[in-house]
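Pasted below: final_12.tsv, TSV, C-alpha atoms.
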chain	number	residue	atom	x	y	z
D	1	MET	CA	24.46	3.81	14.47
D	2	PRO	CA	23.55	6.20	11.64
D	3	SER	CA	21.47	9.25	12.38
D	4	SER	CA	17.82	9.04	11.44
D	5	ARG	CA	14.72	11.14	11.64
D	6	ARG	CA	11.02	10.40	11.54
D	7	ILE	CA	8.68	11.89	8.99
D	8	GLU	CA	4.92	11.76	9.47
D	9	LEU	CA	2.96	9.97	6.77
D	10	GLN	CA	0.12	12.39	6.06
D	11	THR	CA	-3.09	10.81	4.78
D	12	PRO	CA	-6.75	11.79	4.96
D	13	LEU	CA	-7.49	9.03	7.46
D	14	LEU	CA	-4.53	9.74	9.73
D	15	ALA	CA	-5.15	13.45	9.57
D	16	ALA	CA	-8.35	12.76	11.49
D	17	GLU	CA	-6.20	12.36	14.60
D	18	GLU	CA	-5.48	16.06	14.59
D	19	SER	CA	-9.19	16.83	14.60
D	20	GLY	CA	-9.74	14.81	17.78
D	21	ASN	CA	-10.38	11.30	16.42
D	22	THR	CA	-7.76	9.35	18.40
D	23	ALA	CA	-8.97	5.97	17.14
D	24	ASN	CA	-6.11	6.09	14.65
D	25	SER	CA	-2.76	5.21	16.18
D	26	GLY	CA	0.32	7.05	14.96
D	27	LEU	CA	2.11	5.90	11.83
D	28	ASP	CA	5.60	7.10	11.04
D	29	ILE	CA	8.09	6.81	8.24
D	30	LEU	CA	11.62	5.93	9.27
D	31	ARG	CA	14.28	7.51	7.08
D	32	ALA	CA	18.06	7.30	7.15
D	33	ASP	CA	20.64	9.31	5.29
D	34	GLU	CA	21.77	8.02	1.91
D	35	ASP	CA	24.34	5.16	1.96
D	36	GLU	CA	23.65	4.42	5.62
D	37	ASP	CA	22.00	1.39	7.16
D	38	ILE	CA	18.35	2.09	7.96
D	39	ASP	CA	18.32	1.27	11.70
D	40	GLY	CA	18.93	-2.45	11.35
D	41	LEU	CA	16.61	-2.95	8.39
D	42	GLY	CA	19.58	-4.15	6.34
D	43	ILE	CA	19.70	-1.64	3.48
D	44	LYS	CA	23.01	0.03	2.75
D	45	HIS	CA	22.34	1.71	-0.60
D	46	ILE	CA	19.54	2.02	-3.17
D	47	GLU	CA	19.85	2.84	-6.86
D	48	TYR	CA	16.79	3.57	-9.00
D	49	TYR	CA	16.22	2.51	-12.61
D	50	ARG	CA	13.50	2.97	-15.22
D	51	TRP	CA	12.65	0.95	-18.31
D	52	CYS	CA	14.36	2.18	-21.49
D	53	ALA	CA	12.81	1.38	-24.89
D	54	TRP	CA	16.01	1.47	-26.97
D	55	LEU	CA	17.98	-0.62	-24.46
D	56	TRP	CA	15.14	-3.14	-24.42
D	57	ALA	CA	15.19	-3.25	-28.25
D	58	LEU	CA	18.96	-3.88	-28.17
D	59	SER	CA	18.47	-6.70	-25.68
D	60	VAL	CA	15.83	-8.29	-27.91
D	61	LEU	CA	18.22	-8.05	-30.88
D	62	GLY	CA	21.00	-9.57	-28.79
D	63	THR	CA	18.73	-12.41	-27.73
D	64	ILE	CA	17.94	-13.18	-31.38
D	65	VAL	CA	21.58	-12.99	-32.48
D	66	THR	CA	22.76	-15.25	-29.63
D	67	ALA	CA	19.89	-17.73	-30.15
D	68	GLY	CA	18.50	-17.10	-26.67
D	69	THR	CA	21.82	-17.29	-24.81
D	70	LEU	CA	21.58	-13.65	-23.73
D	71	GLN	CA	18.12	-14.27	-22.28
D	72	LEU	CA	19.54	-17.14	-20.22
D	73	ALA	CA	22.25	-14.79	-18.94
D	74	PHE	CA	19.52	-12.31	-17.96
D	75	ARG	CA	17.73	-15.05	-16.02
D	76	TRP	CA	20.88	-16.10	-14.17
D	77	MET	CA	22.08	-12.54	-13.48
D	78	PRO	CA	19.15	-10.20	-12.63
D	79	VAL	CA	21.46	-7.24	-11.93
D	80	PHE	CA	23.05	-7.61	-15.38
D	81	ALA	CA	19.57	-7.82	-16.94
D	82	LEU	CA	18.45	-4.68	-15.11
D	83	LYS	CA	21.42	-2.62	-16.25
D	84	CYS	CA	21.11	-3.85	-19.85
D	85	ARG	CA	17.43	-2.88	-20.19
D	86	HIS	CA	17.03	0.03	-17.78
D	87	ARG	CA	18.64	3.41	-17.11
D	88	ARG	CA	19.41	5.06	-13.78
D	89	CYS	CA	16.97	7.78	-12.80
D	90	VAL	CA	15.51	9.68	-9.88
D	91	PRO	CA	13.25	7.73	-7.47
D	92	HIS	CA	10.07	9.42	-8.73
D	93	ASN	CA	10.49	7.99	-12.26
D	94	ALA	CA	11.82	4.56	-11.27
D	95	THR	CA	10.24	1.23	-12.15
D	96	HIS	CA	12.86	-0.88	-10.32
D	97	ALA	CA	15.21	-0.49	-7.38
D	98	LEU	CA	18.68	-2.01	-7.05
D	99	ILE	CA	19.16	-2.57	-3.32
D	100	THR	CA	22.51	-3.31	-1.69
D	101	SER	CA	22.18	-4.76	1.80
D	102	THR	CA	24.62	-4.51	4.68
D	103	ASP	CA	25.77	-8.08	3.97
D	104	THR	CA	26.68	-6.98	0.37
D	105	THR	CA	23.77	-8.89	-1.18
D	106	VAL	CA	22.40	-7.07	-4.25
D	107	SER	CA	18.71	-7.49	-5.17
D	108	VAL	CA	16.49	-6.21	-7.97
D	109	VAL	CA	13.09	-5.15	-6.63
D	110	PRO	CA	10.14	-3.96	-8.76
D	111	ILE	CA	8.32	-0.79	-7.75
D	112	HIS	CA	4.54	-1.07	-7.52
D	113	PRO	CA	2.30	1.76	-8.76
D	114	ALA	CA	0.15	3.89	-6.50
D	115	GLU	CA	-3.13	2.41	-5.28
D	116	GLU	CA	-6.52	4.01	-4.76
D	117	LEU	CA	-8.28	2.48	-1.78
D	118	ARG	CA	-11.34	4.65	-2.18
D	119	PRO	CA	-12.05	8.16	-3.54
D	120	GLY	CA	-9.77	10.58	-1.73
D	121	VAL	CA	-7.63	7.90	-0.07
D	122	ASP	CA	-4.55	6.84	-2.04
D	123	LEU	CA	-1.43	4.89	-1.20
D	124	PRO	CA	1.82	6.10	-2.78
D	125	ARG	CA	4.07	3.89	-4.87
D	126	SER	CA	5.78	1.11	-2.96
D	127	LEU	CA	8.28	-1.72	-3.05
D	128	VAL	CA	8.70	-4.83	-0.92
D	129	TYR	CA	12.17	-5.85	0.26
D	130	ARG	CA	12.71	-8.77	2.64
D	131	HIS	CA	9.02	-8.76	3.60
D	132	VAL	CA	9.10	-5.06	4.57
D	133	ARG	CA	7.05	-2.60	2.53
D	134	TYR	CA	8.58	0.75	1.59
D	135	PHE	CA	6.48	3.71	0.43
D	136	GLU	CA	7.53	6.67	-1.67
D	137	ALA	CA	7.80	9.71	0.58
D	138	LYS	CA	9.32	12.91	-0.76
D	139	ALA	CA	12.55	11.93	-2.57
D	140	HIS	CA	13.05	8.41	-1.19
D	141	PHE	CA	11.36	5.08	-0.54
D	142	GLN	CA	11.09	4.59	3.19
D	143	PRO	CA	9.71	1.79	5.37
D	144	VAL	CA	6.41	2.35	7.10
D	145	VAL	CA	6.46	1.39	10.77
D	146	PHE	CA	3.79	1.28	13.43
D	147	GLU	CA	4.42	3.81	16.16
D	148	CYS	CA	4.59	1.82	19.39
D	149	ARG	CA	6.09	4.54	21.59
D	150	GLN	CA	2.78	5.86	22.89
D	151	SER	CA	1.66	6.49	26.42
D	152	TYR	CA	-0.61	4.00	28.13
D	153	PRO	CA	-3.55	6.47	28.33
D	154	ALA	CA	-3.25	7.13	24.57
D	155	LEU	CA	-3.22	3.39	23.79
D	156	LEU	CA	-6.15	2.77	26.12
D	157	GLN	CA	-8.16	5.59	24.58
D	158	ALA	CA	-7.46	4.37	21.04
D	159	ALA	CA	-8.28	0.73	21.87
D	160	GLY	CA	-11.44	1.77	23.70
D	161	LYS	CA	-12.87	3.53	20.66
D	162	GLY	CA	-11.84	0.81	18.22
D	163	LEU	CA	-11.26	1.18	14.49
D	164	GLY	CA	-13.70	2.08	11.75
D	165	GLU	CA	-14.05	0.04	8.57
D	166	ASP	CA	-12.16	2.62	6.52
D	167	GLU	CA	-9.24	2.57	8.94
D	168	VAL	CA	-9.17	-1.24	8.92
D	169	VAL	CA	-8.96	-1.29	5.13
D	170	TYR	CA	-6.27	1.37	5.17
D	171	ARG	CA	-4.11	-0.36	7.77
D	172	GLU	CA	-4.41	-3.69	5.99
D	173	ALA	CA	-3.22	-2.00	2.80
D	174	LEU	CA	-0.29	-0.41	4.68
D	175	PHE	CA	0.92	-3.33	6.76
D	176	GLY	CA	-0.56	-6.33	4.95
D	177	LYS	CA	-2.26	-9.28	6.60
D	178	ASN	CA	-0.87	-10.65	9.84
D	179	LEU	CA	0.13	-14.06	8.51
D	180	ALA	CA	3.22	-15.93	7.34
D	181	ASP	CA	2.28	-16.85	3.79
D	182	VAL	CA	4.94	-19.10	2.22
D	183	PRO	CA	4.72	-18.91	-1.59
D	184	VAL	CA	4.68	-22.29	-3.34
D	185	LYS	CA	5.58	-22.37	-7.02
D	186	SER	CA	3.70	-24.54	-9.48
D	187	HIS	CA	5.22	-27.69	-10.99
D	188	ILE	CA	5.82	-25.86	-14.28
D	189	ALA	CA	7.63	-22.96	-12.59
D	190	LEU	CA	9.81	-25.32	-10.56
D	191	LEU	CA	10.57	-27.39	-13.67
D	192	LEU	CA	11.68	-24.26	-15.54
D	193	ASP	CA	13.91	-23.28	-12.62
D	194	GLU	CA	15.53	-26.71	-12.77
D	195	VAL	CA	16.04	-27.15	-16.51
D	196	LEU	CA	17.21	-23.55	-17.02
D	197	HIS	CA	19.88	-23.87	-14.34
D	198	PRO	CA	23.42	-23.52	-15.75
D	199	PHE	CA	24.23	-27.13	-14.80
D	200	TYR	CA	21.36	-28.56	-16.85
D	201	ILE	CA	22.05	-26.22	-19.76
D	202	PHE	CA	25.61	-27.59	-19.78
D	203	GLN	CA	24.21	-31.12	-19.70
D	204	VAL	CA	21.98	-30.41	-22.71
D	205	TRP	CA	24.90	-29.07	-24.74
D	206	SER	CA	27.04	-32.04	-23.70
D	207	VAL	CA	24.36	-34.53	-24.76
D	208	VAL	CA	24.01	-32.79	-28.14
D	209	VAL	CA	27.78	-32.94	-28.69
D	210	TRP	CA	27.94	-36.60	-27.68
D	211	TYR	CA	25.11	-37.48	-30.05
D	212	LEU	CA	27.01	-35.76	-32.88
D	213	GLU	CA	30.27	-37.62	-32.15
D	214	PRO	CA	28.45	-40.17	-31.94
D	215	TYR	CA	28.45	-41.58	-28.40
D	216	ILE	CA	24.79	-42.49	-28.58
D	217	LEU	CA	24.63	-44.94	-25.69
D	218	TYR	CA	26.61	-42.68	-23.35
D	219	ALA	CA	24.61	-39.58	-24.36
D	220	THR	CA	21.30	-41.40	-23.83
D	221	ALA	CA	22.36	-42.57	-20.38
D	222	ILE	CA	23.40	-39.05	-19.33
D	223	ALA	CA	20.14	-37.59	-20.70
D	224	LEU	CA	17.99	-40.10	-18.78
D	225	ILE	CA	19.94	-39.59	-15.56
D	226	SER	CA	19.65	-35.80	-15.89
D	227	ILE	CA	15.89	-35.98	-16.50
D	228	PHE	CA	15.41	-38.29	-13.51
D	229	SER	CA	17.54	-36.01	-11.32
D	230	ALA	CA	15.57	-32.91	-12.35
D	231	LEU	CA	12.23	-34.58	-11.60
D	232	VAL	CA	13.39	-35.84	-8.20
D	233	SER	CA	14.67	-32.36	-7.30
D	234	LEU	CA	11.40	-30.80	-8.50
D	235	PHE	CA	9.11	-32.98	-6.37
D	236	SER	CA	11.46	-32.78	-3.36
D	237	THR	CA	11.52	-28.97	-3.52
D	238	ARG	CA	7.75	-28.69	-3.83
D	239	ARG	CA	7.18	-31.16	-1.00
D	240	ASN	CA	9.50	-29.20	1.28
D	241	LEU	CA	7.78	-25.91	0.41
D	242	LEU	CA	4.38	-27.42	1.20
D	243	LYS	CA	5.69	-28.68	4.55
D	244	ILE	CA	7.08	-25.25	5.41
D	245	LYS	CA	3.77	-23.64	4.42
D	246	GLU	CA	1.88	-26.09	6.62
D	247	MET	CA	4.21	-25.48	9.58
D	248	ALA	CA	3.88	-21.70	9.22
D	249	ALA	CA	0.08	-21.82	9.15
D	250	VAL	CA	-1.35	-21.31	12.64
D	251	GLU	CA	-5.09	-20.92	13.21
D	252	SER	CA	-6.65	-19.56	16.35
D	253	ASP	CA	-9.87	-17.82	17.37
D	254	VAL	CA	-9.57	-14.05	17.88
D	255	LYS	CA	-12.21	-11.79	19.41
D	256	VAL	CA	-12.27	-8.37	17.76
D	257	LEU	CA	-14.05	-5.49	19.52
D	258	ARG	CA	-14.99	-2.37	17.56
Let me see the structure of the file written as structure tokens.
Amino acid sequence: MPSSRRIELQTPLLAAEESGNTANSGLDILRADEDEDIDGLGIKHIEYYRWCAWLWALSVLGTIVTAGTLQLAFRWMPVFALKCRHRRCVPHNATHALITSTDTTVSVVPIHPAEELRPGVDLPRSLVYRHVRYFEAKAHFQPVVFECRQSYPALLQAAGKGLGEDEVVYREALFGKNLADVPVKSHIALLLDEVLHPFYIFQVWSVVVWYLEPYILYATAIALISIFSALVSLFSTRRNLLKIKEMAAVESDVKVLR
């Protein structure tokens, strides 16, 4: 297990704890050394990139010269797209993060700008990876975790006093809402995902070639079958997503004391 250390996330609201307001429970940042797994969170290595104007201009030129083929390659290979239009940089200047997990999966994750909850209370820049939110702290992005290792008297005292409205807003911004929200794409988005898949792009080129040969009857049959297959896959995918969303949604009455 890699060595790790905890760094306190200093904010105006949490700083109130030090002045005697124990209504705020502790919040910590968990940080691991570079190139080491962050205590089971699944991250092995992070590289940071920022948008580059001249690389972006070259990619636009390449898209025009290749009649859109380069843009399709960008869509199929996000890592390739990132490296063609962005440059490596320090975390503070980054707009995207290239995250390598412990199972060797590589993901491109956008970095969100800082947020102002109210005057004097700001959240630093953040990114979301595998449903865990990471905030910029010093020279790295680190996951924010709720400090559960507190004594029973401390927990009882904090629960007895409750949370103020400002603290509720702040904690919701930090941890998000306590729900399993399954995203469901629109019909148009799902259709684009289907027709821009490499298999269907190959089918389109094949149909064009067969029409030019001409194998009109064969090309028409393949085109109709491909369209029917794409539509069936589209509605099946959306129906399954809606079922998963419905299964994940659980409603119950909760009594909140403040």
Please identify all polymer residues within 12 Å of Leu231 of chain D, counting all atoms listed in the file, omitting same-chain residues fewer than 6 positions from it, and present them as a PyMOL selection string. chain D and resi 187-188+190-195+224-225+237-238
Taking the point (18.5, -26.6, -21.6) as given in the file, collect each protein or nucleic acid residue that comes within 12 Å of it, counting all atoms listed in the file, and present the set as number ranges by chain. D: 68-69, 72, 191-208, 223, 226-227, 230
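The two atoms in question, atom CA of Tyr170 of chain D and atom CA of Lys185 of chain D, are spaced 29.2 Å apart.
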Residues near His131 of chain D, anyone? I mean within 12 Å using all atoms listed in the file, not counting same-chain ones fewer than 2 positions away, as a PDB file with C-alpha atoms, in the coordinates of the input.
ATOM      1  CA  LEU D  41      16.610  -2.950   8.390  1.00  0.00           C
ATOM      2  CA  GLY D  42      19.580  -4.150   6.340  1.00  0.00           C
ATOM      3  CA  VAL D 109      13.090  -5.150  -6.630  1.00  0.00           C
ATOM      4  CA  LEU D 127       8.280  -1.720  -3.050  1.00  0.00           C
ATOM      5  CA  VAL D 128       8.700  -4.830  -0.920  1.00  0.00           C
ATOM      6  CA  TYR D 129      12.170  -5.850   0.260  1.00  0.00           C
ATOM      7  CA  ARG D 133       7.050  -2.600   2.530  1.00  0.00           C
ATOM      8  CA  TYR D 134       8.580   0.750   1.590  1.00  0.00           C
ATOM      9  CA  PRO D 143       9.710   1.790   5.370  1.00  0.00           C
ATOM     10  CA  VAL D 144       6.410   2.350   7.100  1.00  0.00           C
ATOM     11  CA  PHE D 175       0.920  -3.330   6.760  1.00  0.00           C
ATOM     12  CA  GLY D 176      -0.560  -6.330   4.950  1.00  0.00           C
ATOM     13  CA  LYS D 177      -2.260  -9.280   6.600  1.00  0.00           C
ATOM     14  CA  ASN D 178      -0.870 -10.650   9.840  1.00  0.00           C
ATOM     15  CA  LEU D 179       0.130 -14.060   8.510  1.00  0.00           C
ATOM     16  CA  ALA D 180       3.220 -15.930   7.340  1.00  0.00           C
ATOM     17  CA  ASP D 181       2.280 -16.850   3.790  1.00  0.00           C
ATOM     18  CA  VAL D 182       4.940 -19.100   2.220  1.00  0.00           C
TER      19      VAL D 182
END
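Considering only C-alpha atoms, the residue among D:Val132, D:Leu123, D:Met77, D:Val184 positioned nearest to Asn240 of chain D is D:Val184.
The neighbours of Trp51 of chain D here are the residues that come within 12 Å of it, using all atoms listed in the file and leaving out any residue fewer than 6 positions away in the same chain; they are Ala57, Ala81, Leu82, Lys83, Cys84, Arg85, His86, Arg87, Arg88, Cys89, Asn93, Ala94, Thr95, His96, Ala97, Pro110 and Ile111 of chain D.
For the pair atom CA of Leu55 of chain D and atom CA of Phe80 of chain D, the interatomic distance is 12.5 Å.
Going from atom CA of Arg125 of chain D over to atom CA of Arg50 of chain D, you cover 14.0 Å.
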Judged by all atoms listed in the file, the minimum distance to Gly160 of chain D among D:Leu61, D:Leu117, D:Val256, D:Ala67 is found for D:Val256
Tell me which protein, DNA and RNA residues are within 10 Å of Pro124 of chain D, counting only C-alpha atoms, leaving out same-chain ones fewer than 5 positions away, and put them as a count of residues only. 10
Size and centre in Å, one decimal, axis-aligned box, all listed segment 180-193 of chain D atoms plus 6 Å per side, as JSON:
{"center_x": 8.1, "center_y": -21.8, "center_z": -4.1, "size_x": 23.6, "size_y": 23.8, "size_z": 34.9}
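With distances restricted to all atoms listed in the file, D:Ile46 is the closest residue to Ser107 of chain D from D:Val90, D:Leu174, D:Ile46, D:Val121.
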Segment 144-167 of chain D rebuilt with N, CA, C and O atoms, output as a tab-separated table (two decimals), in the frame of the given file:
chain	number	residue	atom	x	y	z
D	144	VAL	N	7.47	1.88	6.22
D	144	VAL	CA	6.41	2.35	7.10
D	144	VAL	C	6.44	1.47	8.35
D	144	VAL	O	6.57	0.25	8.27
D	145	VAL	N	6.39	2.11	9.50
D	145	VAL	CA	6.46	1.39	10.77
D	145	VAL	C	5.33	1.85	11.67
D	145	VAL	O	4.89	3.00	11.61
D	146	PHE	N	4.84	0.94	12.48
D	146	PHE	CA	3.79	1.28	13.43
D	146	PHE	C	4.41	1.94	14.66
D	146	PHE	O	5.38	1.43	15.22
D	147	GLU	N	3.87	3.05	15.04
D	147	GLU	CA	4.42	3.81	16.16
D	147	GLU	C	3.97	3.17	17.47
D	147	GLU	O	2.79	3.26	17.86
D	148	CYS	N	4.91	2.49	18.13
D	148	CYS	CA	4.59	1.82	19.39
D	148	CYS	C	4.91	2.67	20.62
D	148	CYS	O	4.47	2.34	21.73
D	149	ARG	N	5.67	3.73	20.44
D	149	ARG	CA	6.09	4.54	21.59
D	149	ARG	C	4.99	5.54	21.96
D	149	ARG	O	5.11	6.74	21.75
D	150	GLN	N	3.90	5.02	22.46
D	150	GLN	CA	2.78	5.86	22.89
D	150	GLN	C	2.53	5.62	24.36
D	150	GLN	O	2.82	4.55	24.90
D	151	SER	N	1.96	6.61	24.99
D	151	SER	CA	1.66	6.49	26.42
D	151	SER	C	0.51	5.51	26.62
D	151	SER	O	-0.30	5.28	25.73
D	152	TYR	N	0.47	4.94	27.82
D	152	TYR	CA	-0.61	4.00	28.13
D	152	TYR	C	-1.99	4.63	28.01
D	152	TYR	O	-2.91	4.02	27.43
D	153	PRO	N	-2.22	5.86	28.50
D	153	PRO	CA	-3.55	6.47	28.33
D	153	PRO	C	-3.93	6.63	26.86
D	153	PRO	O	-5.09	6.42	26.50
D	154	ALA	N	-2.94	6.97	25.99
D	154	ALA	CA	-3.25	7.13	24.57
D	154	ALA	C	-3.63	5.78	23.95
D	154	ALA	O	-4.59	5.68	23.16
D	155	LEU	N	-2.90	4.73	24.30
D	155	LEU	CA	-3.22	3.39	23.79
D	155	LEU	C	-4.58	2.92	24.29
D	155	LEU	O	-5.37	2.34	23.54
D	156	LEU	N	-4.86	3.17	25.54
D	156	LEU	CA	-6.15	2.77	26.12
D	156	LEU	C	-7.30	3.50	25.47
D	156	LEU	O	-8.35	2.91	25.16
D	157	GLN	N	-7.11	4.80	25.21
D	157	GLN	CA	-8.16	5.59	24.58
D	157	GLN	C	-8.39	5.12	23.15
D	157	GLN	O	-9.53	5.00	22.69
D	158	ALA	N	-7.32	4.83	22.42
D	158	ALA	CA	-7.46	4.37	21.04
D	158	ALA	C	-8.12	3.00	20.97
D	158	ALA	O	-9.01	2.74	20.16
D	159	ALA	N	-7.71	2.07	21.88
D	159	ALA	CA	-8.28	0.73	21.87
D	159	ALA	C	-9.73	0.76	22.31
D	159	ALA	O	-10.55	-0.04	21.86
D	160	GLY	N	-10.06	1.69	23.21
D	160	GLY	CA	-11.44	1.77	23.70
D	160	GLY	C	-12.41	2.19	22.62
D	160	GLY	O	-13.54	1.72	22.57
D	161	LYS	N	-11.99	3.07	21.74
D	161	LYS	CA	-12.87	3.53	20.66
D	161	LYS	C	-12.89	2.59	19.47
D	161	LYS	O	-13.81	2.63	18.67
D	162	GLY	N	-11.86	1.76	19.34
D	162	GLY	CA	-11.84	0.81	18.22
D	162	GLY	C	-11.49	1.48	16.90
D	162	GLY	O	-11.16	2.67	16.84
D	163	LEU	N	-11.59	0.71	15.83
D	163	LEU	CA	-11.26	1.18	14.49
D	163	LEU	C	-12.48	1.10	13.58
D	163	LEU	O	-13.23	0.12	13.63
D	164	GLY	N	-12.63	2.10	12.74
D	164	GLY	CA	-13.70	2.08	11.75
D	164	GLY	C	-13.34	1.20	10.57
D	164	GLY	O	-12.18	0.80	10.39
D	165	GLU	N	-14.30	0.91	9.73
D	165	GLU	CA	-14.05	0.04	8.57
D	165	GLU	C	-13.03	0.65	7.63
D	165	GLU	O	-12.18	-0.04	7.08
D	166	ASP	N	-13.11	1.97	7.42
D	166	ASP	CA	-12.16	2.62	6.52
D	166	ASP	C	-10.73	2.50	7.04
D	166	ASP	O	-9.79	2.25	6.28
D	167	GLU	N	-10.58	2.67	8.36
D	167	GLU	CA	-9.24	2.57	8.94
D	167	GLU	C	-8.71	1.14	8.87
D	167	GLU	O	-7.52	0.92	8.67
